[in-house]
file work13.csv (CSV, C-alpha atoms)
chain,number,residue,atom,x,y,z
W,1,MET,CA,112.1,96.8,107.5
W,2,GLU,CA,114.5,97.9,110.2
W,3,VAL,CA,114.0,100.0,113.3
W,4,THR,CA,117.0,101.5,114.9
W,5,ILE,CA,116.7,102.9,118.5
W,6,ASN,CA,119.2,105.3,120.0
W,7,LYS,CA,119.0,106.9,123.4
W,8,GLN,CA,120.6,110.3,123.8
W,9,ASP,CA,120.2,112.4,126.9
W,10,ASN,CA,116.5,112.1,127.9
W,11,LYS,CA,115.2,111.4,124.5
W,12,THR,CA,114.9,108.3,122.3
W,13,PHE,CA,115.7,108.6,118.6
W,14,VAL,CA,114.3,106.1,116.2
W,15,VAL,CA,114.9,105.5,112.5
W,16,ILE,CA,112.5,103.4,110.5
W,17,ASN,CA,113.8,102.0,107.3
W,18,GLY,CA,111.5,100.2,104.8
W,19,ARG,CA,107.8,99.2,104.8
W,20,ILE,CA,105.4,98.7,107.7
W,21,ASP,CA,103.0,96.2,106.2
W,22,THR,CA,101.4,92.8,106.9
W,23,THR,CA,104.8,91.0,107.0
W,24,THR,CA,106.7,93.6,109.1
W,25,VAL,CA,104.0,94.9,111.5
W,26,ASP,CA,104.8,92.4,114.2
W,27,GLN,CA,108.4,93.5,114.2
W,28,PHE,CA,107.4,97.1,114.3
W,29,GLN,CA,105.0,96.4,117.2
W,30,GLN,CA,107.8,94.8,119.1
W,31,ALA,CA,110.0,97.9,118.6
W,32,ALA,CA,107.0,100.0,119.7
W,33,ASN,CA,106.6,97.9,122.8
W,34,THR,CA,110.3,98.5,123.7
W,35,LEU,CA,109.7,102.3,123.2
W,36,MET,CA,106.6,102.2,125.4
W,37,GLU,CA,108.8,100.8,128.2
W,38,GLU,CA,111.3,103.6,128.0
W,39,GLU,CA,111.6,105.7,131.2
W,40,HIS,CA,111.9,108.9,129.3
W,41,PRO,CA,108.8,109.4,127.1
W,42,ASP,CA,110.1,111.8,124.5
W,43,ILE,CA,110.4,110.0,121.2
W,44,ASP,CA,111.7,111.3,117.8
W,45,ILE,CA,111.1,109.1,114.8
W,46,ASP,CA,112.9,109.8,111.6
W,47,CYS,CA,110.6,108.6,108.7
W,48,THR,CA,112.9,109.6,105.8
W,49,ALA,CA,113.3,105.9,104.8
W,50,LEU,CA,109.8,104.8,105.7
W,51,SER,CA,108.5,104.0,102.3
W,52,TYR,CA,105.0,102.7,103.2
W,53,THR,CA,102.6,102.1,106.0
W,54,SER,CA,99.3,100.3,106.1
W,55,SER,CA,96.6,100.8,108.7
W,56,GLN,CA,98.4,98.3,110.9
W,57,GLY,CA,101.3,100.7,111.2
W,58,LEU,CA,99.0,103.5,112.0
W,59,ARG,CA,97.4,101.4,114.7
W,60,THR,CA,100.8,100.9,116.4
W,61,ILE,CA,101.7,104.5,116.1
W,62,LEU,CA,98.4,105.6,117.7
W,63,MET,CA,99.1,103.2,120.6
W,64,LEU,CA,102.6,104.7,121.0
W,65,GLN,CA,101.2,108.2,120.9
W,66,LYS,CA,98.6,107.4,123.6
W,67,CYS,CA,101.3,105.9,125.8
W,68,VAL,CA,103.7,108.8,125.3
W,69,MET,CA,100.9,111.3,126.1
W,70,LYS,CA,100.0,109.4,129.3
W,71,LYS,CA,103.6,109.8,130.5
W,72,GLY,CA,103.6,113.5,129.6
W,73,GLY,CA,106.1,113.2,126.8
W,74,LYS,CA,106.1,114.0,123.1
W,75,LEU,CA,106.2,111.9,120.0
W,76,VAL,CA,107.5,113.6,116.9
W,77,LEU,CA,107.5,112.0,113.4
W,78,ARG,CA,109.8,113.8,110.9
W,79,ASN,CA,110.6,113.8,107.2
W,80,MET,CA,107.8,111.6,105.9
W,81,ASN,CA,107.5,111.1,102.2
W,82,PRO,CA,104.4,112.6,100.6
W,83,GLN,CA,102.6,109.3,100.1
W,84,VAL,CA,103.0,108.3,103.8
W,85,LYS,CA,102.1,111.8,104.9
W,86,GLU,CA,98.9,111.5,102.8
W,87,VAL,CA,97.9,108.4,104.8
W,88,PHE,CA,98.4,110.4,108.0
W,89,ASP,CA,96.4,113.3,106.6
W,90,ILE,CA,93.5,111.3,105.3
W,91,THR,CA,93.1,109.4,108.6
W,92,GLY,CA,93.3,112.6,110.7
W,93,PHE,CA,96.6,111.3,112.3
W,94,SER,CA,98.3,114.5,111.2
W,95,ASN,CA,96.1,116.4,113.7
W,96,ILE,CA,96.8,114.2,116.7
W,97,ILE,CA,100.6,113.5,116.2
W,98,THR,CA,103.3,116.1,115.7
W,99,ILE,CA,104.7,115.7,112.2
W,100,ILE,CA,107.5,117.9,111.1
E,10,MET,CA,94.5,87.7,85.8
E,11,LYS,CA,92.6,85.5,88.3
E,12,LYS,CA,93.8,83.2,91.0
E,13,ARG,CA,92.2,81.3,93.9
E,14,PHE,CA,94.3,81.0,97.1
E,15,ASN,CA,93.4,78.2,99.4
E,16,PRO,CA,93.9,78.1,102.3
E,17,ILE,CA,94.6,81.8,103.0
E,18,LYS,CA,95.7,81.7,106.6
E,19,ASP,CA,99.1,83.6,106.8
E,20,LYS,CA,99.0,84.1,103.0
E,21,SER,CA,98.3,87.9,102.9
E,22,SER,CA,101.7,88.8,101.7
E,23,GLU,CA,101.6,86.2,98.9
E,24,ILE,CA,98.2,87.3,97.7
E,25,ILE,CA,99.2,91.0,97.8
E,26,GLU,CA,102.4,90.4,95.8
E,27,TYR,CA,100.5,88.3,93.3
E,28,LEU,CA,98.2,91.3,92.5
E,29,MET,CA,101.0,93.9,92.7
E,30,SER,CA,103.1,91.9,90.2
E,31,SER,CA,100.4,91.9,87.6
E,32,PRO,CA,101.3,93.7,84.3
E,33,ASP,CA,98.1,95.6,84.8
E,34,ILE,CA,99.6,97.6,87.7
E,35,PRO,CA,100.9,100.9,86.3
E,36,ASP,CA,104.5,101.8,86.4
E,37,ASP,CA,104.0,104.8,88.7
E,38,ASP,CA,105.2,105.0,92.3
E,39,VAL,CA,102.4,107.1,93.6
E,40,LEU,CA,99.7,105.0,92.0
E,41,GLN,CA,101.4,101.8,93.2
E,42,PHE,CA,101.5,103.1,96.7
E,43,LYS,CA,97.7,103.7,96.7
E,44,LEU,CA,97.0,100.4,95.0
E,45,ARG,CA,99.2,98.4,97.3
E,46,LEU,CA,97.6,100.1,100.3
E,47,SER,CA,94.0,99.3,99.1
E,48,ILE,CA,94.9,95.8,98.1
E,49,GLU,CA,96.6,95.1,101.5
E,50,GLU,CA,93.7,96.5,103.5
E,51,ALA,CA,91.1,94.5,101.5
E,52,VAL,CA,93.1,91.3,101.5
E,53,GLU,CA,93.8,91.5,105.2
E,54,ASN,CA,90.1,92.1,105.9
E,55,VAL,CA,89.3,88.7,104.3
E,56,VAL,CA,92.3,86.8,105.7
E,57,ARG,CA,91.7,88.0,109.2
E,58,TYR,CA,87.9,88.0,109.4
E,59,ALA,CA,86.1,86.1,106.7
E,60,TYR,CA,86.6,82.6,108.0
E,61,ASP,CA,87.1,82.9,111.7
E,62,GLY,CA,90.7,81.6,111.6
E,63,GLY,CA,91.6,81.7,108.0
E,64,ILE,CA,90.5,78.2,106.8
E,65,GLY,CA,89.0,79.1,103.5
E,66,TRP,CA,89.7,80.5,100.0
E,67,LEU,CA,90.1,83.9,98.5
E,68,GLU,CA,89.9,84.5,94.7
E,69,VAL,CA,91.4,87.6,93.4
E,70,ASP,CA,91.1,89.1,89.9
E,71,ILE,CA,92.8,92.1,88.4
E,72,HIS,CA,91.8,93.6,85.1
E,73,PHE,CA,92.7,96.7,83.1
E,74,ASP,CA,90.3,98.2,80.6
E,75,GLN,CA,92.5,99.9,78.0
E,76,ASP,CA,89.6,102.1,76.6
E,77,ALA,CA,88.4,103.4,79.9
E,78,LEU,CA,91.9,103.3,81.5
E,79,LEU,CA,90.2,101.7,84.4
E,80,LEU,CA,91.9,99.2,86.7
E,81,THR,CA,89.5,96.8,88.5
E,82,ILE,CA,90.4,94.6,91.4
E,83,GLU,CA,87.9,92.0,92.6
E,84,LEU,CA,88.1,89.9,95.8
E,85,ARG,CA,85.7,87.0,96.3
E,86,ASP,CA,85.4,84.7,99.3
E,87,ALA,CA,82.9,82.2,100.7
E,88,GLY,CA,83.2,83.4,104.3
E,89,THR,CA,80.6,84.9,106.7
E,90,PRO,CA,78.5,87.3,104.7
E,91,PHE,CA,79.9,90.7,105.6
E,92,ASN,CA,79.6,94.1,103.9
E,93,PRO,CA,82.7,96.1,105.0
E,94,LEU,CA,81.2,99.2,103.5
E,95,GLU,CA,78.4,99.3,106.0
E,96,LYS,CA,80.9,100.0,108.8
E,97,GLU,CA,80.8,103.6,109.8
E,98,ASP,CA,83.8,105.7,108.8
E,99,PRO,CA,86.1,106.6,111.7
E,100,ASP,CA,85.8,110.1,113.1
E,101,VAL,CA,89.1,111.6,111.9
E,102,THR,CA,88.5,114.8,113.8
E,103,LYS,CA,88.8,113.2,117.3
E,104,GLY,CA,91.8,113.7,119.5
E,105,ALA,CA,94.4,110.9,120.2
E,106,GLU,CA,92.8,110.0,123.6
E,107,ASP,CA,89.4,109.4,121.9
E,108,ARG,CA,90.6,107.7,118.8
E,109,GLU,CA,90.0,104.0,118.7
E,110,VAL,CA,92.9,101.9,117.7
E,111,GLY,CA,92.0,100.2,114.4
E,112,GLY,CA,89.1,100.4,112.0
E,113,LEU,CA,91.0,102.4,109.4
E,114,GLY,CA,91.6,99.7,106.7
E,115,ILE,CA,88.4,99.9,104.6
E,116,PHE,CA,88.3,103.6,105.2
E,117,LEU,CA,91.7,103.9,103.5
E,118,CYS,CA,90.5,101.8,100.6
E,119,LYS,CA,87.6,104.1,100.1
E,120,LYS,CA,89.9,107.1,100.0
E,121,MET,CA,92.6,105.6,97.8
E,122,MET,CA,90.4,104.0,95.1
E,123,ASP,CA,87.9,105.8,92.9
E,124,SER,CA,85.1,103.3,93.6
E,125,ILE,CA,84.5,100.4,96.0
E,126,GLU,CA,81.4,98.2,95.8
E,127,TYR,CA,80.3,95.1,97.7
E,128,ARG,CA,77.8,92.5,96.7
E,129,TYR,CA,76.8,89.1,98.1
E,130,GLU,CA,76.5,86.7,95.1
E,131,ASP,CA,76.0,82.9,95.0
E,132,GLY,CA,77.1,82.6,98.6
E,133,ASN,CA,80.2,84.7,98.1
E,134,ASN,CA,81.3,88.1,99.4
E,135,VAL,CA,82.5,90.1,96.4
E,136,LEU,CA,84.4,93.3,96.8
E,137,THR,CA,85.1,95.3,93.6
E,138,MET,CA,87.5,98.3,93.6
E,139,THR,CA,88.3,100.5,90.7
E,140,LYS,CA,90.8,103.2,89.9
E,141,LYS,CA,91.4,105.3,86.9
E,142,VAL,CA,95.1,105.0,86.0

call {"tool": "encode", "arguments": {"input": "work13.csv", "output": "structure tokens"}}
result
Amino acid sequence: MEVTINKQDNKTFVVINGRIDTTTVDQFQQAANTLMEEEHPDIDIDCTALSYTSSQGLRTILMLQKCVMKKGGKLVLRNMNPQVKEVFDITGFSNIITII
Amino acid sequence: MKKRFNPIKDKSSEIIEYLMSSPDIPDDDVLQFKLRLSIEEAVENVVRYAYDGGIGWLEVDIHFDQDALLLTIELRDAGTPFNPLEKEDPDVTKGAEDREVGGLGIFLCKKMMDSIEYRYEDGNNVLTMTKKV
């Protein structure tokens, strides 16, 4: 799994490539920690190449969402594949995070 | 196809890949996603919590019934007796501020599989999950 972070104007653009699972979740958590330290809280995550997430990935995304909300920013997840989207739907995460 | 892993500390990935590489796993991306997710959540549950530190074993078994087209995955451990199905499902209607971080693993298994059962047998926790494939 790879997480690429790019800052542009007052927004942070993130691309996730691969699987968030038991072997990669620590790496994803580290990337999320970096994002949570960002001065500008608006985050846009491209999920086109995110092929899978377990509950551990959801846990980290919820932490990120809580942090972004606290700072008055917005977290956007875009272009999820249907299987990943289903995980977000089933867990109600689609209602609490902006998915486009 | 049955195998006992011992010890299981830090072995989640190896155990998940063992099950996912079984010839009983259907050649279908959508089904594989659901099965992988259920297997990962169930295995992680044992590796993280069953033995207070992971010193112990986990026996996994996967079986496909050709007549019923039913895939069965069984996990057996000798850790602390614990029925994960008794845990209350998370409230998926809550807002982000009120949502607890975590507690989604077994809930996802329930949603992804057709059935999930727990029994305590001969001093072992046994979790059986099935899916029609």

call {"tool": "atom_distance", "arguments": {"input": "work13.csv", "atom1": "atom CA of W:Met69", "atom2": "atom CA of W:Gln83"}}
result
26.1 Å

call {"tool": "closest_residue", "arguments": {"input": "work13.csv", "among": "E:Glu53, E:Asp33, E:Asp61, E:Asp100", "to": "E:Phe73", "atoms": "only C-alpha atoms"}}
result
E:Asp33

call {"tool": "residues_near_point", "arguments": {"input": "work13.csv", "point": "(88.6, 108.8, 106.2)", "cutoff": "7 Å", "atoms": "all atoms listed in the file", "output": "PDB file with C-alpha atoms, keeping the file's coordinate frame"}}
result
ATOM      1  CA  ILE W  90      93.500 111.300 105.300  1.00  0.00           C
ATOM      2  CA  THR W  91      93.100 109.400 108.600  1.00  0.00           C
TER       3      THR W  91
ATOM      4  CA  ASP E  98      83.800 105.700 108.800  1.00  0.00           C
ATOM      5  CA  PRO E  99      86.100 106.600 111.700  1.00  0.00           C
ATOM      6  CA  VAL E 101      89.100 111.600 111.900  1.00  0.00           C
ATOM      7  CA  PHE E 116      88.300 103.600 105.200  1.00  0.00           C
ATOM      8  CA  LEU E 117      91.700 103.900 103.500  1.00  0.00           C
ATOM      9  CA  LYS E 120      89.900 107.100 100.000  1.00  0.00           C
TER      10      LYS E 120
END

call {"tool": "atom_distance", "arguments": {"input": "work13.csv", "atom1": "atom CA of W:Glu86", "atom2": "atom CA of W:Arg59"}}
result
15.7 Å

call {"tool": "closest_atom_pairs", "arguments": {"input": "work13.csv", "of": "chain W", "to": "chain E", "cutoff": "10 Å", "atoms": "only C-alpha atoms", "output": "JSON lines"}}
result
{"residue": "W:Asp21", "atom": "CA", "partner": "E:Glu49", "partner_atom": "CA", "distance": 8.0}
{"residue": "W:Thr22", "atom": "CA", "partner": "E:Ser22", "partner_atom": "CA", "distance": 6.6}
{"residue": "W:Thr23", "atom": "CA", "partner": "E:Ser22", "partner_atom": "CA", "distance": 6.5}
{"residue": "W:Ser51", "atom": "CA", "partner": "E:Phe42", "partner_atom": "CA", "distance": 9.0}
{"residue": "W:Tyr52", "atom": "CA", "partner": "E:Phe42", "partner_atom": "CA", "distance": 7.4}
{"residue": "W:Thr53", "atom": "CA", "partner": "E:Leu46", "partner_atom": "CA", "distance": 7.8}
{"residue": "W:Ser54", "atom": "CA", "partner": "E:Leu46", "partner_atom": "CA", "distance": 6.0}
{"residue": "W:Ser55", "atom": "CA", "partner": "E:Gly114", "partner_atom": "CA", "distance": 5.5}
{"residue": "W:Gln56", "atom": "CA", "partner": "E:Gly111", "partner_atom": "CA", "distance": 7.5}
{"residue": "W:Gly57", "atom": "CA", "partner": "E:Gly111", "partner_atom": "CA", "distance": 9.8}
{"residue": "W:Leu58", "atom": "CA", "partner": "E:Gly111", "partner_atom": "CA", "distance": 8.1}
{"residue": "W:Arg59", "atom": "CA", "partner": "E:Val110", "partner_atom": "CA", "distance": 5.4}
{"residue": "W:Thr60", "atom": "CA", "partner": "E:Val110", "partner_atom": "CA", "distance": 8.1}
{"residue": "W:Ile61", "atom": "CA", "partner": "E:Val110", "partner_atom": "CA", "distance": 9.3}
{"residue": "W:Leu62", "atom": "CA", "partner": "E:Val110", "partner_atom": "CA", "distance": 6.6}
{"residue": "W:Met63", "atom": "CA", "partner": "E:Val110", "partner_atom": "CA", "distance": 7.0}
{"residue": "W:Gln65", "atom": "CA", "partner": "E:Ala105", "partner_atom": "CA", "distance": 7.3}
{"residue": "W:Lys66", "atom": "CA", "partner": "E:Glu106", "partner_atom": "CA", "distance": 6.4}
{"residue": "W:Cys67", "atom": "CA", "partner": "E:Glu106", "partner_atom": "CA", "distance": 9.7}
{"residue": "W:Met69", "atom": "CA", "partner": "E:Glu106", "partner_atom": "CA", "distance": 8.6}
{"residue": "W:Lys70", "atom": "CA", "partner": "E:Glu106", "partner_atom": "CA", "distance": 9.2}
{"residue": "W:Pro82", "atom": "CA", "partner": "E:Val39", "partner_atom": "CA", "distance": 9.1}
{"residue": "W:Gln83", "atom": "CA", "partner": "E:Val39", "partner_atom": "CA", "distance": 6.9}
{"residue": "W:Val84", "atom": "CA", "partner": "E:Phe42", "partner_atom": "CA", "distance": 8.9}
{"residue": "W:Glu86", "atom": "CA", "partner": "E:Lys43", "partner_atom": "CA", "distance": 10.0}
{"residue": "W:Val87", "atom": "CA", "partner": "E:Leu117", "partner_atom": "CA", "distance": 7.8}
{"residue": "W:Asp89", "atom": "CA", "partner": "E:Val101", "partner_atom": "CA", "distance": 9.2}
{"residue": "W:Ile90", "atom": "CA", "partner": "E:Lys120", "partner_atom": "CA", "distance": 7.7}
{"residue": "W:Thr91", "atom": "CA", "partner": "E:Val101", "partner_atom": "CA", "distance": 5.6}
{"residue": "W:Gly92", "atom": "CA", "partner": "E:Val101", "partner_atom": "CA", "distance": 4.5}
{"residue": "W:Phe93", "atom": "CA", "partner": "E:Val101", "partner_atom": "CA", "distance": 7.5}
{"residue": "W:Ser94", "atom": "CA", "partner": "E:Val101", "partner_atom": "CA", "distance": 9.7}
{"residue": "W:Asn95", "atom": "CA", "partner": "E:Gly104", "partner_atom": "CA", "distance": 7.7}
{"residue": "W:Ile96", "atom": "CA", "partner": "E:Ala105", "partner_atom": "CA", "distance": 5.4}
{"residue": "W:Ile97", "atom": "CA", "partner": "E:Ala105", "partner_atom": "CA", "distance": 7.8}

call {"tool": "write_last_selection", "arguments": {"input": "work13.csv", "atoms": "C-alpha atoms", "output": "PDB file, keeping the file's coordinate frame"}}
result
ATOM      1  CA  ASP W  21     103.000  96.200 106.200  1.00  0.00           C
ATOM      2  CA  THR W  22     101.400  92.800 106.900  1.00  0.00           C
ATOM      3  CA  THR W  23     104.800  91.000 107.000  1.00  0.00           C
ATOM      4  CA  SER W  51     108.500 104.000 102.300  1.00  0.00           C
ATOM      5  CA  TYR W  52     105.000 102.700 103.200  1.00  0.00           C
ATOM      6  CA  THR W  53     102.600 102.100 106.000  1.00  0.00           C
ATOM      7  CA  SER W  54      99.300 100.300 106.100  1.00  0.00           C
ATOM      8  CA  SER W  55      96.600 100.800 108.700  1.00  0.00           C
ATOM      9  CA  GLN W  56      98.400  98.300 110.900  1.00  0.00           C
ATOM     10  CA  GLY W  57     101.300 100.700 111.200  1.00  0.00           C
ATOM     11  CA  LEU W  58      99.000 103.500 112.000  1.00  0.00           C
ATOM     12  CA  ARG W  59      97.400 101.400 114.700  1.00  0.00           C
ATOM     13  CA  THR W  60     100.800 100.900 116.400  1.00  0.00           C
ATOM     14  CA  ILE W  61     101.700 104.500 116.100  1.00  0.00           C
ATOM     15  CA  LEU W  62      98.400 105.600 117.700  1.00  0.00           C
ATOM     16  CA  MET W  63      99.100 103.200 120.600  1.00  0.00           C
ATOM     17  CA  GLN W  65     101.200 108.200 120.900  1.00  0.00           C
ATOM     18  CA  LYS W  66      98.600 107.400 123.600  1.00  0.00           C
ATOM     19  CA  CYS W  67     101.300 105.900 125.800  1.00  0.00           C
ATOM     20  CA  MET W  69     100.900 111.300 126.100  1.00  0.00           C
ATOM     21  CA  LYS W  70     100.000 109.400 129.300  1.00  0.00           C
ATOM     22  CA  PRO W  82     104.400 112.600 100.600  1.00  0.00           C
ATOM     23  CA  GLN W  83     102.600 109.300 100.100  1.00  0.00           C
ATOM     24  CA  VAL W  84     103.000 108.300 103.800  1.00  0.00           C
ATOM     25  CA  GLU W  86      98.900 111.500 102.800  1.00  0.00           C
ATOM     26  CA  VAL W  87      97.900 108.400 104.800  1.00  0.00           C
ATOM     27  CA  ASP W  89      96.400 113.300 106.600  1.00  0.00           C
ATOM     28  CA  ILE W  90      93.500 111.300 105.300  1.00  0.00           C
ATOM     29  CA  THR W  91      93.100 109.400 108.600  1.00  0.00           C
ATOM     30  CA  GLY W  92      93.300 112.600 110.700  1.00  0.00           C
ATOM     31  CA  PHE W  93      96.600 111.300 112.300  1.00  0.00           C
ATOM     32  CA  SER W  94      98.300 114.500 111.200  1.00  0.00           C
ATOM     33  CA  ASN W  95      96.100 116.400 113.700  1.00  0.00           C
ATOM     34  CA  ILE W  96      96.800 114.200 116.700  1.00  0.00           C
ATOM     35  CA  ILE W  97     100.600 113.500 116.200  1.00  0.00           C
TER      36      ILE W  97
END

call {"tool": "atom_distance", "arguments": {"input": "work13.csv", "atom1": "atom CA of E:Thr139", "atom2": "atom CA of E:Glu83"}}
result
8.7 Å

call {"tool": "residues_around", "arguments": {"input": "work13.csv", "residues": "E:Tyr27", "least_positions_apart": "6", "cutoff": "10 Å", "atoms": "all atoms listed in the file", "output": "list in words"}}
result
Met10, Lys11, Lys12, Ser21, Val69 and Ile71 of chain E

call {"tool": "closest_residue", "arguments": {"input": "work13.csv", "among": "E:Arg13, E:Ile48, E:Leu94, E:Asn134", "to": "E:Glu26", "atoms": "only C-alpha atoms"}}
result
E:Ile48

call {"tool": "residues_near_point", "arguments": {"input": "work13.csv", "point": "(111.5, 99.0, 103.3)", "cutoff": "8 Å", "atoms": "only C-alpha atoms", "output": "list in words"}}
result
Met1, Glu2, Asn17, Gly18, Arg19, Ile20, Ala49, Leu50, Ser51 and Tyr52 of chain W

call {"tool": "closest_residue", "arguments": {"input": "work13.csv", "among": "W:Phe88, W:Lys74, W:Asn79, W:Thr98", "to": "W:His40", "atoms": "only C-alpha atoms"}}
result
W:Lys74
